[in-house]
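Visitor: Encoded as structure tokens, here's the structure I'll be asking about.
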Protein chains: 2
Amino acid sequence: MPAVSQRSQSVPLSPFRKLIPLADRARAAGKHIYHLNIGQPDIETHPTAVAKFRKLPWQILDYSPSNGIDSYREALRDYYARFDVAVTADEIMITTGGSEAILFFLLACLDPGDEIIIPEPFYANYNGFAHMAGVNVVPITCTIEDGFRLPDPAEFARKITPHTRAIVITNPNNPTGACYSRAALEGLAHIVREHDLYLCADEVYREFSYDTELQSILQLPGLDEHAIIIDSVSKRYSATGARVGALVTRNLTVRESVDRYAKLRLSPPGLGQRLSEIMLQDDGAYLAEVKEDYTARRDTVFRRLQTMPGVYSYKPGGAFYCFARFPIADSEDFCRWLLEDFSHDGATVMLSPGPGFYATPGLGEDECRIAYVLKVDDLERAMDCLAAALEVYPGRIELAATAELGGHLSQ
Amino acid sequence: MPAVSQRSQSVPLSPFRKLIPLADRARAAGKHIYHLNIGQPDIETHPTAVAKFRKLPWQILDYSPSNGIDSYREALRDYYARFDVAVTADEIMITTGGSEAILFFLLACLDPGDEIIIPEPFYANYNGFAHMAGVNVVPITCTIEDGFRLPDPAEFARKITPHTRAIVITNPNNPTGACYSRAALEGLAHIVREHDLYLCADEVYREFSYDTELQSILQLPGLDEHAIIIDSVSKRYSATGARVGALVTRNLTVRESVDRYAKLRLSPPGLGQRLSEIMLQDDGAYLAEVKEDYTARRDTVFRRLQTMPGVYSYKPGGAFYCFARFPIADSEDFCRWLLEDFSHDGATVMLSPGPGFYATPGLGEDECRIAYVLKVDDLERAMDCLAAALEVYPGRIELAATAELGGHLSQ
């Protein structure tokens, strides 16, 4: 039998991959599972847009231009303008989900052996795309005590080597929910200009900033050659299956390089693009309602976590994740135990273990990511499960050890 | 300004990329262009399926499983059974177009520096995917005099080195239209078993075999660990924008390796998959009509080429391409001249120059690919243009030089 490739055997796996068969078994045994492990919202995809999409006249589902349908890119230009992001339609390249935009950025801007600096914890699939591109991830650690704020520019500067080509951030952040301030972004802007690096910001959660206005790196002056945005309609309109994202940059040379890869795969999905263009015509009512809904979900999870002894959480300002610290020593074991050995009123919760979001070994062992993608009532019941679980989990560590952190609860 | 990657600068470009701005200028100047350069058919996407798709009930466009929607894979299993290809739904992995299936095959089965043997001329984007995967393409030349038949197994064997990991074929072939016989495929099967290689067949044109029944490598015995099929709905249902393909193999280890990449990009397009599943319910009437249409188009192009002095063509048995030899010495110049300097009744034709389909330098200089993706009437007018052009093209070479080949016209 011919061997498979060596590289495929080292592709980093999802942080909760090992838990999936356990969840399947628990479900088969009749246990209800509150899925707080994945970013798949239960919110309806923009219903009036879907209704219009169903009636859209077309006869041939043909290749779109490799950089996306013109009218869709023009609509996106107008959308970004509402965020004070001035870009032309040409500066927007439509991709097959945000995933492809990340991969294209790495291939177009970095060579094998080059490095990207990413604040950790970070979206775990960055590891996989970096692996595909042969690029090394250099983490810079954010801490829960600090609400996962960006480290100071001087700390970033210390991570820079001759191989560093980019700083990559996610804002609002997955998995932490942190939203970065204008001042923090300006600090990064200074660094990338000084060291001639790219600054790539994954802004797919741009609509989910609950307490402050989103600060986009494309609003910063003097960054035209450096700034690259990754975007996606997946979260915005609860249309993760559309597989429509974008790479946005004012740097023409980068766009020309990305275009070589874009042309290879011919075109991004045509139906998803047509639906996305219609969803963009929203008058804001849908997004306002969704945001209100998520704000309530965020508040519910944060409030409930605050009442659980030994649990520490900052208040996440955006996205739909909360990265919390628990009175546990091995979050993979805790997540496994929740599925295999625990139930509360016939139900349990599925969380993502913390270590998968870190590149530095040993970090995140007492942390889990909670995706608050369920209705408030479901979240309340999920939090009931979690609270009950923490009372009986055999691996629970002494409260004394977390008492000091408990004092920071209100942040 | 930060530099772009070195690798992006060597991504192979499309054979007709340089012609696009010339075509744009010609169109702007009022010239009509018959596009015989691309595989974008003018056939309507399965209309009754599209009508059903519009009414399909769904509320959330969510991620599909990374290997595709279960019911769609089950429907595909039944579809393949109609071709005497026995596979389970688990042996089918849905991808984002055939393009992603090719890339996933290369990443999952080959390491950088490994080699694939491909009969040339071949689908030019293979060069690009091989480049992305760091894999070397070793061409084995098919000749027009031979109707682009596969070379003998002994010739394949001579191309095998310690780095060879796979033989990759396209059947029916793009760009030649050749359909491979059962005996030819069995010759390859013998080789890959003997040398423990993969045999990867791009069968996206499986429905477009006009004179013989398609022979799939998954029909061959003893090839379960070796055979991998690339498939796509793009051509079958005239839905190139759906971006829905598949990788099919009975080799579980290969599927597990592909799955690592598939999980990274989360899921293939959801709307395209739903449409594709409905299109598969076709009773055969649509495909029969499309095939009849293409047969007439094929016959038109072949008949007209036969009447052009100095032009040599075999009769293509499948796909929707004809790779013909012209009385020219520089097909890039000829294709450029057609757009820039020639018109006939206010129109011209756009073809793909031959060299872009070869990996061996110097081949294809007197060849062009004709994609017969237009209606018969349009093809007749396009052939009028081509015939008139060949009479006045300044770079035309003497008929004497091609007289011998002319004798093979009826093949």
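Ordering of the structure tokens sets the chain letters (A, B, ...); residue numbers start at 1 within each chain; ligands are numbered from 1 in the order shown.
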Chain B near chain A within 7 Å: what's each residue's closest atom pair and its distance in Å to one decimal, counting only C-alpha atoms, ordered by chain then ascending residue number, as JSON lines?
Guide:
{"residue": "B:Met1", "atom": "CA", "partner": "A:Glu225", "partner_atom": "CA", "distance": 5.8}
{"residue": "B:Pro2", "atom": "CA", "partner": "A:Asp196", "partner_atom": "CA", "distance": 5.2}
{"residue": "B:Val4", "atom": "CA", "partner": "A:Cys109", "partner_atom": "CA", "distance": 4.3}
{"residue": "B:Ser5", "atom": "CA", "partner": "A:Cys109", "partner_atom": "CA", "distance": 4.5}
{"residue": "B:Gln6", "atom": "CA", "partner": "A:Asp111", "partner_atom": "CA", "distance": 6.5}
{"residue": "B:Arg7", "atom": "CA", "partner": "A:Asp111", "partner_atom": "CA", "distance": 6.4}
{"residue": "B:Ser8", "atom": "CA", "partner": "A:Ala108", "partner_atom": "CA", "distance": 5.3}
{"residue": "B:Gln9", "atom": "CA", "partner": "A:Ser257", "partner_atom": "CA", "distance": 6.9}
{"residue": "B:Val11", "atom": "CA", "partner": "A:Arg260", "partner_atom": "CA", "distance": 6.4}
{"residue": "B:Gln40", "atom": "CA", "partner": "A:Asp62", "partner_atom": "CA", "distance": 6.8}
{"residue": "B:Glu44", "atom": "CA", "partner": "A:Ile60", "partner_atom": "CA", "distance": 5.0}
{"residue": "B:Thr45", "atom": "CA", "partner": "A:Ile60", "partner_atom": "CA", "distance": 5.0}
{"residue": "B:Arg54", "atom": "CA", "partner": "A:Arg54", "partner_atom": "CA", "distance": 4.8}
{"residue": "B:Gln59", "atom": "CA", "partner": "A:Glu44", "partner_atom": "CA", "distance": 5.5}
{"residue": "B:Ile60", "atom": "CA", "partner": "A:Thr45", "partner_atom": "CA", "distance": 5.0}
{"residue": "B:Leu61", "atom": "CA", "partner": "A:Ala239", "partner_atom": "CA", "distance": 4.8}
{"residue": "B:Asp62", "atom": "CA", "partner": "A:Gly241", "partner_atom": "CA", "distance": 4.6}
{"residue": "B:Tyr63", "atom": "CA", "partner": "A:Gly241", "partner_atom": "CA", "distance": 4.4}
{"residue": "B:Ser64", "atom": "CA", "partner": "A:Gly241", "partner_atom": "CA", "distance": 6.5}
{"residue": "B:Ser99", "atom": "CA", "partner": "A:Arg265", "partner_atom": "CA", "distance": 5.7}
{"residue": "B:Leu107", "atom": "CA", "partner": "A:Ser8", "partner_atom": "CA", "distance": 6.7}
{"residue": "B:Ala108", "atom": "CA", "partner": "A:Ser8", "partner_atom": "CA", "distance": 5.3}
{"residue": "B:Cys109", "atom": "CA", "partner": "A:Val4", "partner_atom": "CA", "distance": 4.3}
{"residue": "B:Leu110", "atom": "CA", "partner": "A:Ser5", "partner_atom": "CA", "distance": 4.7}
{"residue": "B:Asp111", "atom": "CA", "partner": "A:Ser5", "partner_atom": "CA", "distance": 5.3}
{"residue": "B:Asn125", "atom": "CA", "partner": "A:Leu264", "partner_atom": "CA", "distance": 6.0}
{"residue": "B:Gly128", "atom": "CA", "partner": "A:Leu264", "partner_atom": "CA", "distance": 6.4}
{"residue": "B:Asp196", "atom": "CA", "partner": "A:Pro2", "partner_atom": "CA", "distance": 5.2}
{"residue": "B:Leu197", "atom": "CA", "partner": "A:Pro2", "partner_atom": "CA", "distance": 5.6}
{"residue": "B:Tyr198", "atom": "CA", "partner": "A:Pro2", "partner_atom": "CA", "distance": 6.6}
{"residue": "B:Glu225", "atom": "CA", "partner": "A:Met1", "partner_atom": "CA", "distance": 5.8}
{"residue": "B:His226", "atom": "CA", "partner": "A:Pro2", "partner_atom": "CA", "distance": 7.0}
{"residue": "B:Ala239", "atom": "CA", "partner": "A:Leu61", "partner_atom": "CA", "distance": 4.8}
{"residue": "B:Thr240", "atom": "CA", "partner": "A:Asp62", "partner_atom": "CA", "distance": 5.0}
{"residue": "B:Gly241", "atom": "CA", "partner": "A:Tyr63", "partner_atom": "CA", "distance": 4.3}
{"residue": "B:Ala242", "atom": "CA", "partner": "A:Pro269", "partner_atom": "CA", "distance": 5.7}
{"residue": "B:Arg243", "atom": "CA", "partner": "A:Pro269", "partner_atom": "CA", "distance": 5.4}
{"residue": "B:Val254", "atom": "CA", "partner": "A:Val4", "partner_atom": "CA", "distance": 6.3}
{"residue": "B:Ser257", "atom": "CA", "partner": "A:Ser8", "partner_atom": "CA", "distance": 5.7}
{"residue": "B:Arg260", "atom": "CA", "partner": "A:Val11", "partner_atom": "CA", "distance": 6.5}
{"residue": "B:Leu264", "atom": "CA", "partner": "A:Asn125", "partner_atom": "CA", "distance": 6.1}
{"residue": "B:Arg265", "atom": "CA", "partner": "A:Ser99", "partner_atom": "CA", "distance": 5.7}
{"residue": "B:Pro269", "atom": "CA", "partner": "A:Arg243", "partner_atom": "CA", "distance": 5.5}
{"residue": "B:Gly270", "atom": "CA", "partner": "A:Gly241", "partner_atom": "CA", "distance": 4.7}
{"residue": "B:Leu271", "atom": "CA", "partner": "A:Leu271", "partner_atom": "CA", "distance": 6.3}
{"residue": "B:Gly272", "atom": "CA", "partner": "A:Leu271", "partner_atom": "CA", "distance": 6.7}
Visitor: Could you save those same residues with C-alpha atoms as a short mmCIF file (atom, residue, chain, number, x, y, z; two decimals), in the first residue's frame?
Guide:
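Generated file (part-v7.cif):
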data_model
loop_
_atom_site.label_atom_id
_atom_site.label_comp_id
_atom_site.auth_asym_id
_atom_site.auth_seq_id
_atom_site.Cartn_x
_atom_site.Cartn_y
_atom_site.Cartn_z
CA MET B 1 6.87 48.06 2.18
CA PRO B 2 7.01 44.42 3.29
CA VAL B 4 5.49 39.42 -0.79
CA SER B 5 6.56 35.79 -0.73
CA GLN B 6 9.01 34.42 -3.26
CA ARG B 7 6.84 31.36 -3.79
CA SER B 8 3.86 33.45 -4.89
CA GLN B 9 5.92 34.90 -7.72
CA VAL B 11 2.86 30.23 -9.16
CA GLN B 40 -17.58 27.69 -18.96
CA GLU B 44 -28.49 26.23 -18.42
CA THR B 45 -27.88 24.77 -14.96
CA ARG B 54 -35.33 27.46 -4.56
CA GLN B 59 -33.49 28.08 8.29
CA ILE B 60 -29.81 27.96 9.18
CA LEU B 61 -27.07 27.73 6.57
CA ASP B 62 -24.75 25.91 8.95
CA TYR B 63 -21.41 24.20 8.54
CA SER B 64 -21.85 20.85 6.85
CA SER B 99 -9.71 21.98 -7.43
CA LEU B 107 -1.06 17.29 0.37
CA ALA B 108 -2.37 14.06 1.87
CA CYS B 109 -0.37 11.65 -0.28
CA LEU B 110 2.82 13.43 -1.29
CA ASP B 111 5.57 15.31 0.49
CA ASN B 125 -3.86 24.25 -13.17
CA GLY B 128 -0.36 25.40 -9.84
CA ASP B 196 3.34 0.91 -5.10
CA LEU B 197 2.09 4.24 -6.45
CA TYR B 198 -1.21 6.05 -6.33
CA GLU B 225 -5.38 0.99 -2.00
CA HIS B 226 -4.14 2.87 -5.06
CA ALA B 239 -22.83 24.54 -12.38
CA THR B 240 -19.20 25.63 -12.30
CA GLY B 241 -19.99 28.24 -9.63
CA ALA B 242 -21.36 25.64 -7.20
CA ARG B 243 -17.78 24.78 -6.15
CA VAL B 254 -5.78 8.33 2.51
CA SER B 257 -5.12 12.10 5.87
CA ARG B 260 -7.12 16.51 8.45
CA LEU B 264 -9.14 22.70 8.85
CA ARG B 265 -11.33 24.50 6.34
CA PRO B 269 -20.12 25.10 0.47
CA GLY B 270 -23.54 24.33 1.92
CA LEU B 271 -25.78 25.83 -0.77
CA GLY B 272 -23.82 24.19 -3.57
#
Visitor: Which residues in stretch 158-389 of chain A does DSSP call alpha helix (DSSP H)? List them as a count of residues only.
Guide: 85
Visitor: What lies within 6 Å of stretch 320-335 of chain A using only C-alpha atoms, ignoring chain neighbours under 3 positions off, as number ranges by chain?
Guide: A: 175-177, 310-313, 316, 338, 353, 365-372, 396-397
Visitor: Determine the nearest neighbour of A:Arg236 from the options A:Thr295, A:Tyr80, A:Ala319, A:Arg250, counting only C-alpha atoms.
Guide: A:Ala319
Visitor: Measuring atom to atom with only C-alpha atoms, identify which of B:Tyr393, B:Leu339, B:Ile102, B:Ala157 is nearest to B:Ala28.
Guide: B:Leu339
